[in-house]
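Right, one structure below, let's go through it.
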2 protein chains.
Amino acid sequence: MPASSLPVIRIAILGCGNVGAALVELLLDPAGADDLATRAGARLEIVGVAVSDASKPRPSAPHLAQELLTEDAAALVGRDDVDLVVELMGGLEPAGSLISSALSRGIPVVTGNKALLADRGLELGDLAAAHGTDLGFEAAVGGVVPVIRTLRESFAGEQITRVMGIVNGTTNFILSTMAERGSSYGEVLAEAQALGYAEADPTADVEGFDAAAKAAILARLAFGCPVPLDAVHREGITSVRDVDVAFARHLGFAVKLLAIAERVGDGEISARVHPTMVSIDHPLAAVGGAFNAVFIEGEASGPVMLYGQGAGGKPTASAVLGDIIDAARRRLSGTSAPTPISTMDRVPVGLDELRSAFYLSIDVADRPGVLAAVATAFGDNRISIRSMEQVGLGDEARLIFLTHAATERDMAATLAALDTVDAVDSVGGVLRVIGSDEEGF
Amino acid sequence: MPASSLPVIRIAILGCGNVGAALVELLLDPAGADDLATRAGARLEIVGVAVSDASKPRPSAPHLAQELLTEDAAALVGRDDVDLVVELMGGLEPAGSLISSALSRGIPVVTGNKALLADRGLELGDLAAAHGTDLGFEAAVGGVVPVIRTLRESFAGEQITRVMGIVNGTTNFILSTMAERGSSYGEVLAEAQALGYAEADPTADVEGFDAAAKAAILARLAFGCPVPLDAVHREGITSVRDVDVAFARHLGFAVKLLAIAERVGDGEISARVHPTMVSIDHPLAAVGGAFNAVFIEGEASGPVMLYGQGAGGKPTASAVLGDIIDAARRRLSGTSAPTPISTMDRVPVGLDELRSAFYLSIDVADRPGVLAAVATAFGDNRISIRSMEQVGLGDEARLIFLTHAATERDMAATLAALDTVDAVDSVGGVLRVIGSDEEGF
């Protein structure tokens with residue numbers, strides 16, 4: 001049937017920043033409107049856009065009529081004629097209350113709010129299910145990379161063993177550039193800030209808070225259990241040194257900030273974020289710049305990798321639009337959302353028993369017997385050395401170790417022991433290592 | 001709630017080959033049954049498995065009770081207590097009739113039957129929609145790679161410009177091995193047959209029939225229009241020579257059999273399968289062995305790549321299981337499937353106006369004036385040369401050309417013109433080229 005005679009789905013949009021403006025243009029641009037309506041099975045009509053300043057010019061949304069703008073988000077969500085709410089304002093509040101209010105009235109919500117989902121995702125999902133509606137959040141992790149739908153639907157029957165990915169474009173840009181140019185973290189951060197790839201206050205990205213929120217969401221979806229943010233072990237990239245990035249490269253590895261959700265035992269999972277040395281043979285090693293990629297491993301499926309732009313207005317708006325059409329189709333067919341994954345009996349645990357190979361860079365005085373003392377610290381703590389290289393530094397020497405797989409507990413004990421070795425000046429870089437094979441190295 | 005008190009979904013399985021047996025084990029293995037039931041929100045019970053010989057031993061499905069086997073597929077599908085039909089027998093008939101019969105009674109069907117879907121996918125999808133049920137077919141393209149769900153749902157709002165991928169593991173194994181070892185097509189094919197990676201009659205794979213069926217399915221989903229199999233241009237890998245694979249490598253390219261669905265103009269699309277030279281910078285170039293990967297490009301999304309095992313019992317069964325759980329959840333919540341993508345006003349067209357860069361290998365007599373004659377054939381047909389290398393072969397010379405982007409029509413005219421040049425002995429290899437940038441080269 002012609003697009004003009006299709007039913008109408010009325011959408012309230014909360015927030016009109018980068019992603020919001022791109023979404024508005026995807027919905028309003030006359031060039032694509034008929035195609036979009038045919039695909040969605042409905043005309044997608046914007047009934048209002050809530051913003052903090054309705055008088056501000058919005059050059060990135062030229063098709064947005066001034067009269068659609070409102071500063072009263074609560075009133076917009078509360079309107080009787082709204083079929084669907086899209087939340088793109090970010091932050092915990094008022095976003096959380098507005099979403100709750102819509103879901104409680106059976107109105108589907110689409111959001112990309114990772115902080116809110118990491119904090120209250122399970123509760124909001126349950127609220128949606130209780131009211132026969134759906135909470136879509138594909139855009140919250142990996143931008144346009146369809147990782148949420150893949151975990152919720154395609155892998156719904158899988159015994160997932162691990163989900164790991166590059167989910168923060170800013171840190172991936174910084175680490176990739178450090179590797180390409182041999183530049184220091186500080187230099188590249190300043191450049192990323194000048195280019196607009198990093199915020200003036202980069203804490204959320206470089207300290208791993210953004211990636212940790214995404215790790216919590218991925219872990220919850222992969223393992224069907226609550227994963228509070230404080231159960232996610234978090235290390236950022238601020239202490240990654242250019243010498244370690246260069247040495248990793250020399251050894252055949254790239255340094256990547258990975259978000260990892262992993263099954264570690266019967267009923268136990270681990271969720272964590274840390275810089276990781278990834279073998280250049282591994283597909284994640286090749287993911288450059290602002291791209292995101294998520295690797296999902298299941299017992300029957302084997303590995304699956306999903307890859308695409310992790311940020312940016314248009315790609316993220318594209319992910320939001322996929323969720324909007326899903327919700328619109330359900331709304332039109334009068335159907336509720338499918339039952340979400342039930343909660344399983346699993347708990348996130350700390351790092352102590354986790355095993356991985358490690359990279360260590362240790363600066364020592366260059367004199368006889370030092371290597372023996374260092375090796376004793378490893379051996380006393382059950383850590384077996386895979387390889388060692390020594391680099392001279394004047395009176396000093398730098399020892400670069402790669403270990404076989406060892407537990408975090410044993411590595412912590414080794415580091416404590418090294419601290420008491422007189423000839424050890426400093427342990428500069430410690431990185432976990434992921435190889436291209438299953439054992440980790 | 002405990003898994004034992006969950007509702008039951010009764011499944012009829014048609015076919016118990018490689019994928020069927022792996023699926024039976026995923027459903028029946030007691031080690032995973034409770035987890036699976038919790039995730040699905042239902043206990044998934046097999047009511048019968050239709051096979052051609054019920055007395056045959058089935059060592060790959062040790063948990064399958066003999067009394068579940070039947071040789072009467074029609075009677076199994078017709079049973080009143082069946083909630084869901086899984087078709088894994090393959091072929092057009094009786095699979096098509098059995099699926100129609102189930103859908104007509106409102107029973108959801110999950111299938112991995114690419115030949116049937118390429119032939120009758122649109123009709124069967126419409127039949128499902130007309131009866132308020134769903135036809136799941138994630139396993140039909142790319143095995144465990146979630147390309148069907150991504151196209152149907154995540155990219156439902158996208159203006160997709162191109163879908164291209166490696167969707168046949170056998171040919172990818174052969175081409176990858178030719179590149180690694182410098183072996184000929186015939187040698188590697190024989191090895192692939194000995195290893196069980198290629199069939200005794202390899203026609204469906206090596207002549208591109210399997211990939212063409214998948215290209216038709218991808219094109220229909222990406223562009224929402226009917227794409228009959230005979231509208232898919234098809235070239236296999238049987239005429240790919242080891243010298244061309246080696247020369248491609250030398251020039252910085254891998255040779256891959258790609259299935260491509262592309263928007264080529266207003267209301268026109270192209271679906272095709274042919275060996276392609278892919279820049280080693282392109283993510284598809286690194287996809288080795290039996291892996292599959294699909295690259296989806298949309299106007300807002302930019303490029304997205306999905307990657308995983310394209311064949312094999314377990315990974316394919318995992319994709320089938322995702323569809324089963326989707327259908328089970330819908331069945332339980334009493335909801336019909338969402339409206340499928342409506343048909344759009346687009347038609348598949350032939351190759352004539354398509355533009356790409358080309359690789360040509362031309363054997364000529366090694367005497368003065370030959371290059372001028374060859375270059376004239378290109379120039380007369382508006383084809384601009386990007387680079388040329390000459391390799392001596394005794395009295396002969398081999399000229400290796402890379403062209404700038406040109407139409408298929410102009411290339412065909414060039415090849416006809418070269419045929420009339422006296423000094424040209426043969427045009428050995430002609431390959432289309434895809435670079436890492438947008439223009440194609």
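By order in the structure tokens, chains are A, B, ...; within a chain, residues start at 1; ligands start at 1, following the order shown.
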Problem - Check: which chain B residues lie within 8 Å of chain A using only C-alpha atoms, as a count of residues only - result: 52
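Residues lying within 12 Å of B:Ala75, counting only C-alpha atoms and ignoring same-chain neighbours fewer than 3 positions away, are Ala12, Leu14, Val47, Gly48, Val49, Ala50, Thr70, Glu71, Asp72, Gly78, Arg79, Asp80, Asp81, Val82, Leu98, Ser101 and Ala102 of chain B.
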Write out the residues from the selection above, keeping C-alpha atoms, as a PDB file, in the first residue's frame.
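This is the output file selection.pdb:
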ATOM      1  CA  ALA B  12       9.075 -31.750  15.286  1.00  0.00           C
ATOM      2  CA  LEU B  14      12.633 -32.995   9.883  1.00  0.00           C
ATOM      3  CA  VAL B  47       8.120 -35.018  19.763  1.00  0.00           C
ATOM      4  CA  GLY B  48       9.615 -36.690  16.719  1.00  0.00           C
ATOM      5  CA  VAL B  49      12.478 -36.704  14.237  1.00  0.00           C
ATOM      6  CA  ALA B  50      11.695 -37.575  10.619  1.00  0.00           C
ATOM      7  CA  THR B  70       9.837 -41.773  12.125  1.00  0.00           C
ATOM      8  CA  GLU B  71       9.992 -42.157   8.369  1.00  0.00           C
ATOM      9  CA  ASP B  72       6.672 -40.352   7.870  1.00  0.00           C
ATOM     10  CA  GLY B  78       0.426 -33.001  10.863  1.00  0.00           C
ATOM     11  CA  ARG B  79       0.309 -34.051  14.519  1.00  0.00           C
ATOM     12  CA  ASP B  80      -1.956 -31.926  16.702  1.00  0.00           C
ATOM     13  CA  ASP B  81       0.559 -31.609  19.516  1.00  0.00           C
ATOM     14  CA  VAL B  82       3.350 -29.975  17.499  1.00  0.00           C
ATOM     15  CA  LEU B  98       5.907 -29.710   4.634  1.00  0.00           C
ATOM     16  CA  SER B 101       1.531 -27.204   5.523  1.00  0.00           C
ATOM     17  CA  ALA B 102       2.853 -26.169   8.953  1.00  0.00           C
TER      18      ALA B 102
END
Problem - Per-residue DSSP, stretch 17-149 of chain B, filtered to strand (DSSP E or B), as a ChimeraX atom specification - result: /B:43-50,69-70,84-87,109-111,135-136
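Those residues that approach stretch 376-383 of chain B to within 8 Å, counting only C-alpha atoms, are Ala372, Thr403, His404, Ala405, Ala406, Asp410, Met411, Ala413, Thr414, Ala417 and Leu418 of chain B; same-chain residues fewer than 4 positions away are not listed.
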Practice task
One decimal, Å: what's the distance from atom CA of B:Asp363 over to atom CA of B:Phe401, could you say?
Solution key: 11.3 Å
Practice task
Could you tell me, as a ChimeraX atom specification, which residues of stretch 30-129 of chain A DSSP assigns to alpha helix (DSSP H) when given the backbone?
Solution key: /A:30-40,73-78,95-104,114-129
Next, write the just-selected residues to a file, as a PDB file, in the first residue's frame, keeping C-alpha atoms as the atom set.
ATOM      1  CA  PRO A  30      11.788  13.487   2.856  1.00  0.00           C
ATOM      2  CA  ALA A  31      14.296  11.656   0.628  1.00  0.00           C
ATOM      3  CA  GLY A  32      14.032   8.500   2.746  1.00  0.00           C
ATOM      4  CA  ALA A  33      10.607   8.859   4.366  1.00  0.00           C
ATOM      5  CA  ASP A  34       8.581   6.659   2.008  1.00  0.00           C
ATOM      6  CA  ASP A  35      11.147   3.873   1.995  1.00  0.00           C
ATOM      7  CA  LEU A  36      11.343   3.991   5.767  1.00  0.00           C
ATOM      8  CA  ALA A  37       7.563   3.871   6.161  1.00  0.00           C
ATOM      9  CA  THR A  38       7.333   0.892   3.801  1.00  0.00           C
ATOM     10  CA  ARG A  39      10.016  -0.981   5.708  1.00  0.00           C
ATOM     11  CA  ALA A  40       8.578  -0.159   9.122  1.00  0.00           C
ATOM     12  CA  ALA A  73      10.218  16.185  28.951  1.00  0.00           C
ATOM     13  CA  ALA A  74       7.809  14.807  31.563  1.00  0.00           C
ATOM     14  CA  ALA A  75       4.815  16.422  29.887  1.00  0.00           C
ATOM     15  CA  LEU A  76       5.925  15.042  26.496  1.00  0.00           C
ATOM     16  CA  VAL A  77       6.280  11.486  27.829  1.00  0.00           C
ATOM     17  CA  GLY A  78       2.916  11.821  29.582  1.00  0.00           C
ATOM     18  CA  ALA A  95      16.144   9.703  32.197  1.00  0.00           C
ATOM     19  CA  GLY A  96      15.399   6.830  34.597  1.00  0.00           C
ATOM     20  CA  SER A  97      12.140   8.300  35.898  1.00  0.00           C
ATOM     21  CA  LEU A  98      10.945   9.209  32.419  1.00  0.00           C
ATOM     22  CA  ILE A  99      11.649   5.703  31.101  1.00  0.00           C
ATOM     23  CA  SER A 100       9.944   4.094  34.116  1.00  0.00           C
ATOM     24  CA  SER A 101       6.922   6.283  33.634  1.00  0.00           C
ATOM     25  CA  ALA A 102       6.558   5.286  29.963  1.00  0.00           C
ATOM     26  CA  LEU A 103       7.128   1.557  30.556  1.00  0.00           C
ATOM     27  CA  SER A 104       4.643   1.565  33.445  1.00  0.00           C
ATOM     28  CA  LYS A 114      24.617   2.787  28.983  1.00  0.00           C
ATOM     29  CA  ALA A 115      25.102   4.319  32.425  1.00  0.00           C
ATOM     30  CA  LEU A 116      21.421   3.911  33.255  1.00  0.00           C
ATOM     31  CA  LEU A 117      21.287   0.383  31.819  1.00  0.00           C
ATOM     32  CA  ALA A 118      24.366  -0.697  33.760  1.00  0.00           C
ATOM     33  CA  ASP A 119      22.776   0.693  36.919  1.00  0.00           C
ATOM     34  CA  ARG A 120      19.115  -0.278  36.467  1.00  0.00           C
ATOM     35  CA  GLY A 121      18.898  -2.393  33.294  1.00  0.00           C
ATOM     36  CA  LEU A 122      17.531  -5.531  34.936  1.00  0.00           C
ATOM     37  CA  GLU A 123      14.885  -3.592  36.875  1.00  0.00           C
ATOM     38  CA  LEU A 124      13.779  -1.620  33.796  1.00  0.00           C
ATOM     39  CA  GLY A 125      13.684  -4.796  31.676  1.00  0.00           C
ATOM     40  CA  ASP A 126      11.481  -6.455  34.277  1.00  0.00           C
ATOM     41  CA  LEU A 127       9.253  -3.383  34.388  1.00  0.00           C
ATOM     42  CA  ALA A 128       8.839  -3.525  30.602  1.00  0.00           C
ATOM     43  CA  ALA A 129       7.994  -7.238  30.708  1.00  0.00           C
TER      44      ALA A 129
END
Problem - Point-to-point distance from atom CA of A:Pro226 to atom CA of A:Val347, Å rounded to tenths - result: 7.6 Å
Practice task
Write out as a ChimeraX atom specification the residues lying within 8 Å of stretch 245-262 of chain A, counting only C-alpha atoms and excluding same-chain residues fewer than 4 positions away.
Solution key: /A:161-168,171-172,175-176,178-179,182,211-212,214-216,218-219,222,236-237,240-241,269-280,285
